[in-house]
Amino acid sequence: MITVYFNSQPLSVPADTNLRDILALVATTQQSHEAFANVAAVVNECIVPKSQWPHYQCQASDNIELFAAVAGG
Amino acid sequence: MTTSLSETRFVHYYRQILLPEVGESGQQTLLQSHVLIVGVGGLGTHVAQQLAAAGVGHLYLMDNDKVERSNLPRQVLFAAPDIGQNKVDIAKRQIHQHNPDVHVVAWPWHFDLDSVAIFIQQQPLLSAALHQQKLTVLDCSDNLTTRHSVNLWCVEHKLVLVSAAVSAFCGQLLLVDLQNAQHAGCYRCLFNEHAITQDCQSMGVLGPTVAVVASMQAALTLKHILRVGAADDHLHVYDGYTLSWRKLKRQRDRHCPVCCTPSNSPISHQREASL
Ligand SMILES: [Zn+2]
């Protein structure tokens with residue numbers, strides 16, 4: 001198991017967890033899966049494009065955050 | 001190539017010209033530049049005012065809204081007597097009053113791919129700037145559908161897009177420049193078209209939050225026009241609670257249906273179907 005941080009909260013996950021797994025995991029507890037399907041995911045200050053989520057292998061201490069689009073003007 | 005500035009203009013823009021990054025030639029560049037502003041609301045009014053004051057020579061304003069009383073706390077170009085009139089007409093009048101150097105074209109239409117095509121057709125100067133890729137586009141709109149269509153249009157015409165958004169205490173800003181910062185991708189690389197969003201009508205917003213984000217958008221636009229520094233490849237995120245900005249590194253999505261189509265992609269390898 002490794003510890004990653006999701007919105008600053010520690011999260012213990014298996015070592016082979018990818019970014020999509022993490023988002024699926026937190027989606028069940030915090031928000032609907034729908035909402036997470038439509039946000040920008042940021043790992044350690046870098047945006048990971050959605051198509052790369054299944055390919056991004058989480059590392060210990062990764063700091064993962066989600067940003068929803070803001071549309072107002 | 002460029003003639004020197006008149007004495008009046010030299011004095012007018014003196015404090016900008018003093019900057020080595022601007023100088024007399026930079027000021028000429030600004031006076032000859034073309035900027036299309038999509039949405040003349042909170043962000044759009046501030047940005048238009050700042051760019052006009054800086055001497056950006058050609059401003060094209062697109063918005064079909066009329067001034068409403070609830071706009072007045074943050075849409076600085078409008079006042080109570082303007083309520084009910086076209087925002088773009090009032091904005092044009094105010095800008096012209098402030099800086100007659102600036103050529104302003106007001107187009108009281110909502111942005112979509114058809115309306116912008118008509119606008120271009122009717123404006124020879126705008127059309128020329130577009131075809132020479134000398135037009136910078138600013139997205140100051142208030143909904144995601146427009147944002148995606150502005151992005152699509154800019155990518156198709158290889159135009160630089162400076163996109164800003166604000167809602168409640170949150171602001172976002174990015175520059176899309178596929179010639180100079182291709183690795184950062186476009187707006188669609190970042191957010192897909194069904195993103196859950198909040199707009200200022202449902203969320204509320206403070207005037208100064210809008211002004212902060214708009215000033216950054218204007219600064220990024222001037223930096224781009226003057227070629228100060230490298231092309232920006234971040235998503236800038238403003239937090240109005242902590243009064244702080246964060247820079248998140250952007251990355252092009254190689255499955256992006258907008259900027260990674262065969263006509264836009266520099267990479268000729270076989271791509272998998274987009275998600
Ligand atoms: Zn893209």
# chains A, B, ... in the order shown; residues from 1 in each chain; ligands from 1
>>> residues_around(residues="Gly42 in chain B", least_positions_apart="3", cutoff="8 Å", atoms="only C-alpha atoms", output="PyMOL selection string")
(chain A and resi 73) or (chain B and resi 45-46+71+74-76+207+210-211)
>>> write_last_selection(atoms="N, CA and C atoms", output="PDB file, in the first residue's frame")
ATOM      1  N   GLY A  73     -18.487  34.897 -16.684  1.00  0.00           N
ATOM      2  CA  GLY A  73     -17.688  35.975 -17.241  1.00  0.00           C
ATOM      3  C   GLY A  73     -18.119  37.321 -16.679  1.00  0.00           C
TER       4      GLY A  73
ATOM      5  N   THR B  45     -15.793  43.971 -19.960  1.00  0.00           N
ATOM      6  CA  THR B  45     -15.725  45.429 -19.814  1.00  0.00           C
ATOM      7  C   THR B  45     -14.362  45.861 -19.249  1.00  0.00           C
ATOM      8  N   HIS B  46     -13.895  45.140 -18.233  1.00  0.00           N
ATOM      9  CA  HIS B  46     -12.593  45.484 -17.647  1.00  0.00           C
ATOM     10  C   HIS B  46     -11.467  45.297 -18.655  1.00  0.00           C
ATOM     11  N   ASN B  71     -25.951  44.310 -13.489  1.00  0.00           N
ATOM     12  CA  ASN B  71     -24.594  44.297 -14.055  1.00  0.00           C
ATOM     13  C   ASN B  71     -23.703  45.372 -13.419  1.00  0.00           C
ATOM     14  N   ARG B  74     -20.219  45.403 -11.214  1.00  0.00           N
ATOM     15  CA  ARG B  74     -18.919  44.906 -11.697  1.00  0.00           C
ATOM     16  C   ARG B  74     -18.621  45.236 -13.160  1.00  0.00           C
ATOM     17  N   GLN B  75     -19.619  45.664 -13.917  1.00  0.00           N
ATOM     18  CA  GLN B  75     -19.387  45.920 -15.340  1.00  0.00           C
ATOM     19  C   GLN B  75     -19.151  47.413 -15.510  1.00  0.00           C
ATOM     20  N   VAL B  76     -17.889  47.778 -15.351  1.00  0.00           N
ATOM     21  CA  VAL B  76     -17.510  49.163 -15.081  1.00  0.00           C
ATOM     22  C   VAL B  76     -17.774  50.160 -16.202  1.00  0.00           C
ATOM     23  N   GLY B 207     -17.345  42.130  -7.420  1.00  0.00           N
ATOM     24  CA  GLY B 207     -16.711  42.932  -8.464  1.00  0.00           C
ATOM     25  C   GLY B 207     -15.187  42.831  -8.482  1.00  0.00           C
ATOM     26  N   VAL B 210     -13.791  39.713 -10.085  1.00  0.00           N
ATOM     27  CA  VAL B 210     -13.866  39.802 -11.547  1.00  0.00           C
ATOM     28  C   VAL B 210     -12.725  40.679 -12.073  1.00  0.00           C
ATOM     29  N   ALA B 211     -12.496  41.807 -11.395  1.00  0.00           N
ATOM     30  CA  ALA B 211     -11.468  42.751 -11.852  1.00  0.00           C
ATOM     31  C   ALA B 211     -10.071  42.148 -11.782  1.00  0.00           C
TER      32      ALA B 211
END
>>> select_by_dssp(residues="range 154-225 of chain B", states="alpha helix (DSSP H)", output="short mmCIF file (atom, residue, chain, number, x, y, z; two decimals) with C-alpha atoms, in the first residue's frame")
data_model
loop_
_atom_site.label_atom_id
_atom_site.label_comp_id
_atom_site.auth_asym_id
_atom_site.auth_seq_id
_atom_site.Cartn_x
_atom_site.Cartn_y
_atom_site.Cartn_z
CA CYS B 154 -9.57 29.64 -32.68
CA VAL B 155 -7.96 26.24 -33.21
CA GLU B 156 -9.44 26.01 -36.71
CA TYR B 187 -9.28 24.50 -23.89
CA ARG B 188 -10.91 21.21 -24.87
CA CYS B 189 -7.79 19.32 -23.69
CA LEU B 190 -8.58 20.65 -20.24
CA CYS B 200 -21.99 33.92 -12.05
CA GLN B 201 -25.76 34.14 -12.44
CA SER B 202 -26.34 31.15 -10.22
CA MET B 203 -23.28 31.60 -8.01
CA GLY B 207 -16.71 42.93 -8.46
CA PRO B 208 -13.06 42.94 -7.34
CA THR B 209 -12.75 39.19 -7.97
CA VAL B 210 -13.87 39.80 -11.55
CA ALA B 211 -11.47 42.75 -11.85
CA VAL B 212 -8.49 40.72 -10.59
CA VAL B 213 -9.10 37.94 -13.11
CA ALA B 214 -9.78 40.44 -15.91
CA SER B 215 -6.55 42.32 -15.15
CA MET B 216 -4.60 39.09 -15.40
CA GLN B 217 -6.32 38.35 -18.70
CA ALA B 218 -5.38 41.81 -19.99
CA ALA B 219 -1.80 41.37 -18.76
CA LEU B 220 -1.49 37.98 -20.44
CA THR B 221 -2.90 39.45 -23.66
CA LEU B 222 -0.43 42.36 -23.70
CA LYS B 223 2.42 39.98 -22.88
CA HIS B 224 1.39 37.85 -25.83
CA ILE B 225 1.03 40.77 -28.28
#
>>> closest_atom_pairs(of="chain A", to="chain B", cutoff="10 Å", atoms="only C-alpha atoms", output="tab-separated table")
residue	atom	partner	partner_atom	distance
A:Glu34	CA	B:Ile196	CA	8.9
A:Ala35	CA	B:Ile196	CA	6.5
A:Phe36	CA	B:Ile196	CA	8.9
A:Ala37	CA	B:Ala195	CA	7.9
A:Asn38	CA	B:Ala195	CA	4.5
A:Val39	CA	B:Phe191	CA	6.2
A:Ala40	CA	B:Leu190	CA	5.9
A:Ala41	CA	B:Leu190	CA	8.9
A:Val42	CA	B:Leu248	CA	7.5
A:Val43	CA	B:Leu248	CA	9.3
A:Asn44	CA	B:Leu248	CA	8.7
A:Glu45	CA	B:Leu248	CA	4.9
A:Cys46	CA	B:Lys249	CA	4.6
A:Ile47	CA	B:Arg250	CA	5.3
A:Val48	CA	B:Gln251	CA	6.9
A:Pro49	CA	B:Asp253	CA	5.3
A:Lys50	CA	B:Asp253	CA	7.4
A:Ser51	CA	B:His255	CA	6.6
A:Gln52	CA	B:Asp253	CA	7.9
A:Phe67	CA	B:Val237	CA	9.2
A:Ala68	CA	B:Thr197	CA	6.5
A:Ala69	CA	B:Thr197	CA	5.6
A:Val70	CA	B:Thr197	CA	5.7
A:Ala71	CA	B:Asn143	CA	5.1
A:Gly72	CA	B:Asp142	CA	4.1
A:Gly73	CA	B:Asp142	CA	4.4
>>> write_last_selection(atoms="N, CA and C atoms", output="mmCIF file, in the first residue's frame")
data_model
loop_
_atom_site.group_PDB
_atom_site.id
_atom_site.type_symbol
_atom_site.label_atom_id
_atom_site.label_comp_id
_atom_site.auth_asym_id
_atom_site.auth_seq_id
_atom_site.Cartn_x
_atom_site.Cartn_y
_atom_site.Cartn_z
ATOM 1 N N GLU A 34 -20.388 10.813 -11.956
ATOM 2 C CA GLU A 34 -20.687 11.759 -13.049
ATOM 3 C C GLU A 34 -19.868 13.039 -12.921
ATOM 4 N N ALA A 35 -19.890 13.608 -11.727
ATOM 5 C CA ALA A 35 -19.219 14.886 -11.506
ATOM 6 C C ALA A 35 -17.713 14.759 -11.751
ATOM 7 N N PHE A 36 -17.140 13.636 -11.337
ATOM 8 C CA PHE A 36 -15.703 13.464 -11.509
ATOM 9 C C PHE A 36 -15.322 13.175 -12.953
ATOM 10 N N ALA A 37 -16.272 12.743 -13.722
ATOM 11 C CA ALA A 37 -15.963 12.434 -15.115
ATOM 12 C C ALA A 37 -15.680 13.709 -15.903
ATOM 13 N N ASN A 38 -15.999 14.854 -15.335
ATOM 14 C CA ASN A 38 -15.941 16.103 -16.089
ATOM 15 C C ASN A 38 -15.121 17.206 -15.425
ATOM 16 N N VAL A 39 -13.963 16.826 -14.944
ATOM 17 C CA VAL A 39 -13.112 17.812 -14.290
ATOM 18 C C VAL A 39 -11.671 17.626 -14.765
ATOM 19 N N ALA A 40 -10.844 18.620 -14.497
ATOM 20 C CA ALA A 40 -9.407 18.488 -14.762
ATOM 21 C C ALA A 40 -8.767 17.886 -13.515
ATOM 22 N N ALA A 41 -7.960 16.842 -13.718
ATOM 23 C CA ALA A 41 -7.249 16.227 -12.599
ATOM 24 C C ALA A 41 -5.818 16.758 -12.582
ATOM 25 N N VAL A 42 -5.376 17.133 -11.397
ATOM 26 C CA VAL A 42 -4.046 17.713 -11.245
ATOM 27 C C VAL A 42 -3.253 16.847 -10.277
ATOM 28 N N VAL A 43 -2.076 16.429 -10.704
ATOM 29 C CA VAL A 43 -1.188 15.658 -9.830
ATOM 30 C C VAL A 43 0.104 16.449 -9.677
ATOM 31 N N ASN A 44 0.415 16.812 -8.451
ATOM 32 C CA ASN A 44 1.649 17.564 -8.151
ATOM 33 C C ASN A 44 1.775 18.786 -9.069
ATOM 34 N N GLU A 45 0.720 19.550 -9.141
ATOM 35 C CA GLU A 45 0.671 20.829 -9.890
ATOM 36 C C GLU A 45 0.671 20.663 -11.411
ATOM 37 N N CYS A 46 0.570 19.438 -11.906
ATOM 38 C CA CYS A 46 0.518 19.227 -13.357
ATOM 39 C C CYS A 46 -0.817 18.584 -13.728
ATOM 40 N N ILE A 47 -1.418 19.084 -14.788
ATOM 41 C CA ILE A 47 -2.695 18.536 -15.237
ATOM 42 C C ILE A 47 -2.456 17.241 -15.993
ATOM 43 N N VAL A 48 -3.228 16.229 -15.648
ATOM 44 C CA VAL A 48 -3.139 14.954 -16.365
ATOM 45 C C VAL A 48 -4.382 14.858 -17.256
ATOM 46 N N PRO A 49 -4.184 14.862 -18.584
ATOM 47 C CA PRO A 49 -5.355 14.791 -19.478
ATOM 48 C C PRO A 49 -6.169 13.539 -19.210
ATOM 49 N N LYS A 50 -7.452 13.672 -19.427
ATOM 50 C CA LYS A 50 -8.373 12.590 -19.081
ATOM 51 C C LYS A 50 -7.997 11.260 -19.735
ATOM 52 N N SER A 51 -7.541 11.327 -20.976
ATOM 53 C CA SER A 51 -7.210 10.077 -21.669
ATOM 54 C C SER A 51 -6.006 9.381 -21.029
ATOM 55 N N GLN A 52 -5.265 10.118 -20.208
ATOM 56 C CA GLN A 52 -4.083 9.529 -19.560
ATOM 57 C C GLN A 52 -4.368 8.991 -18.155
ATOM 58 N N PHE A 67 -10.189 20.028 -10.432
ATOM 59 C CA PHE A 67 -10.661 21.396 -10.703
ATOM 60 C C PHE A 67 -11.816 21.339 -11.688
ATOM 61 N N ALA A 68 -12.961 21.807 -11.261
ATOM 62 C CA ALA A 68 -14.113 21.884 -12.174
ATOM 63 C C ALA A 68 -13.961 23.160 -13.001
ATOM 64 N N ALA A 69 -14.440 23.094 -14.225
ATOM 65 C CA ALA A 69 -14.384 24.284 -15.089
ATOM 66 C C ALA A 69 -15.222 25.393 -14.472
ATOM 67 N N VAL A 70 -14.716 26.605 -14.557
ATOM 68 C CA VAL A 70 -15.468 27.800 -14.180
ATOM 69 C C VAL A 70 -15.886 28.429 -15.508
ATOM 70 N N ALA A 71 -17.120 28.852 -15.625
ATOM 71 C CA ALA A 71 -17.557 29.345 -16.940
ATOM 72 C C ALA A 71 -18.045 30.784 -16.939
ATOM 73 N N GLY A 72 -18.202 31.390 -15.782
ATOM 74 C CA GLY A 72 -18.792 32.733 -15.719
ATOM 75 C C GLY A 72 -17.874 33.802 -16.271
ATOM 76 N N GLY A 73 -18.487 34.897 -16.684
ATOM 77 C CA GLY A 73 -17.688 35.975 -17.241
ATOM 78 C C GLY A 73 -18.119 37.321 -16.679
#
>>> atom_distance(atom1="CA of Val22 in chain B", atom2="CA of Leu77 in chain B")
26.8 Å
>>> residues_around(residues="range 84-90 of chain B", least_positions_apart="3", cutoff="7 Å", atoms="only C-alpha atoms", output="list of chain:residue names")
B:Val40, B:Leu61, B:Met62, B:Asp63, B:Asp65, B:Lys66, B:Val67, B:Glu68, B:Phe78, B:Arg93, B:Gln94, B:Ala106, B:Trp107, B:Pro108
>>> residues_around(residues="range 29-35 of chain B", least_positions_apart="6", cutoff="6 Å", atoms="only C-alpha atoms", output="PDB file with N, CA, C and O atoms, in the first residue's frame")
ATOM      1  N   GLY B  55      -3.665  51.207 -25.582  1.00  0.00           N
ATOM      2  CA  GLY B  55      -3.467  51.562 -26.983  1.00  0.00           C
ATOM      3  C   GLY B  55      -3.538  50.393 -27.951  1.00  0.00           C
ATOM      4  O   GLY B  55      -2.977  50.466 -29.046  1.00  0.00           O
ATOM      5  N   VAL B  56      -4.238  49.336 -27.555  1.00  0.00           N
ATOM      6  CA  VAL B  56      -4.504  48.262 -28.521  1.00  0.00           C
ATOM      7  C   VAL B  56      -5.420  48.872 -29.595  1.00  0.00           C
ATOM      8  O   VAL B  56      -6.513  49.349 -29.285  1.00  0.00           O
ATOM      9  N   GLY B  57      -4.958  48.890 -30.832  1.00  0.00           N
ATOM     10  CA  GLY B  57      -5.581  49.723 -31.860  1.00  0.00           C
ATOM     11  C   GLY B  57      -6.941  49.321 -32.368  1.00  0.00           C
ATOM     12  O   GLY B  57      -7.737  50.164 -32.778  1.00  0.00           O
ATOM     13  N   HIS B  58      -7.224  48.034 -32.375  1.00  0.00           N
ATOM     14  CA  HIS B  58      -8.475  47.557 -32.964  1.00  0.00           C
ATOM     15  C   HIS B  58      -9.155  46.581 -32.013  1.00  0.00           C
ATOM     16  O   HIS B  58      -8.640  45.493 -31.768  1.00  0.00           O
ATOM     17  N   LEU B  59     -10.305  46.972 -31.518  1.00  0.00           N
ATOM     18  CA  LEU B  59     -11.066  46.094 -30.618  1.00  0.00           C
ATOM     19  C   LEU B  59     -12.396  45.751 -31.275  1.00  0.00           C
ATOM     20  O   LEU B  59     -13.103  46.629 -31.771  1.00  0.00           O
ATOM     21  N   LEU B 135      -4.869  38.209 -35.263  1.00  0.00           N
ATOM     22  CA  LEU B 135      -6.003  38.493 -34.389  1.00  0.00           C
ATOM     23  C   LEU B 135      -5.847  37.666 -33.111  1.00  0.00           C
ATOM     24  O   LEU B 135      -5.591  36.471 -33.177  1.00  0.00           O
ATOM     25  N   THR B 136      -5.981  38.328 -31.978  1.00  0.00           N
ATOM     26  CA  THR B 136      -5.991  37.622 -30.700  1.00  0.00           C
ATOM     27  C   THR B 136      -7.431  37.603 -30.206  1.00  0.00           C
ATOM     28  O   THR B 136      -8.127  38.613 -30.299  1.00  0.00           O
ATOM     29  N   VAL B 137      -7.862  36.449 -29.718  1.00  0.00           N
ATOM     30  CA  VAL B 137      -9.248  36.299 -29.293  1.00  0.00           C
ATOM     31  C   VAL B 137      -9.302  36.170 -27.774  1.00  0.00           C
ATOM     32  O   VAL B 137      -8.535  35.400 -27.179  1.00  0.00           O
TER      33      VAL B 137
END
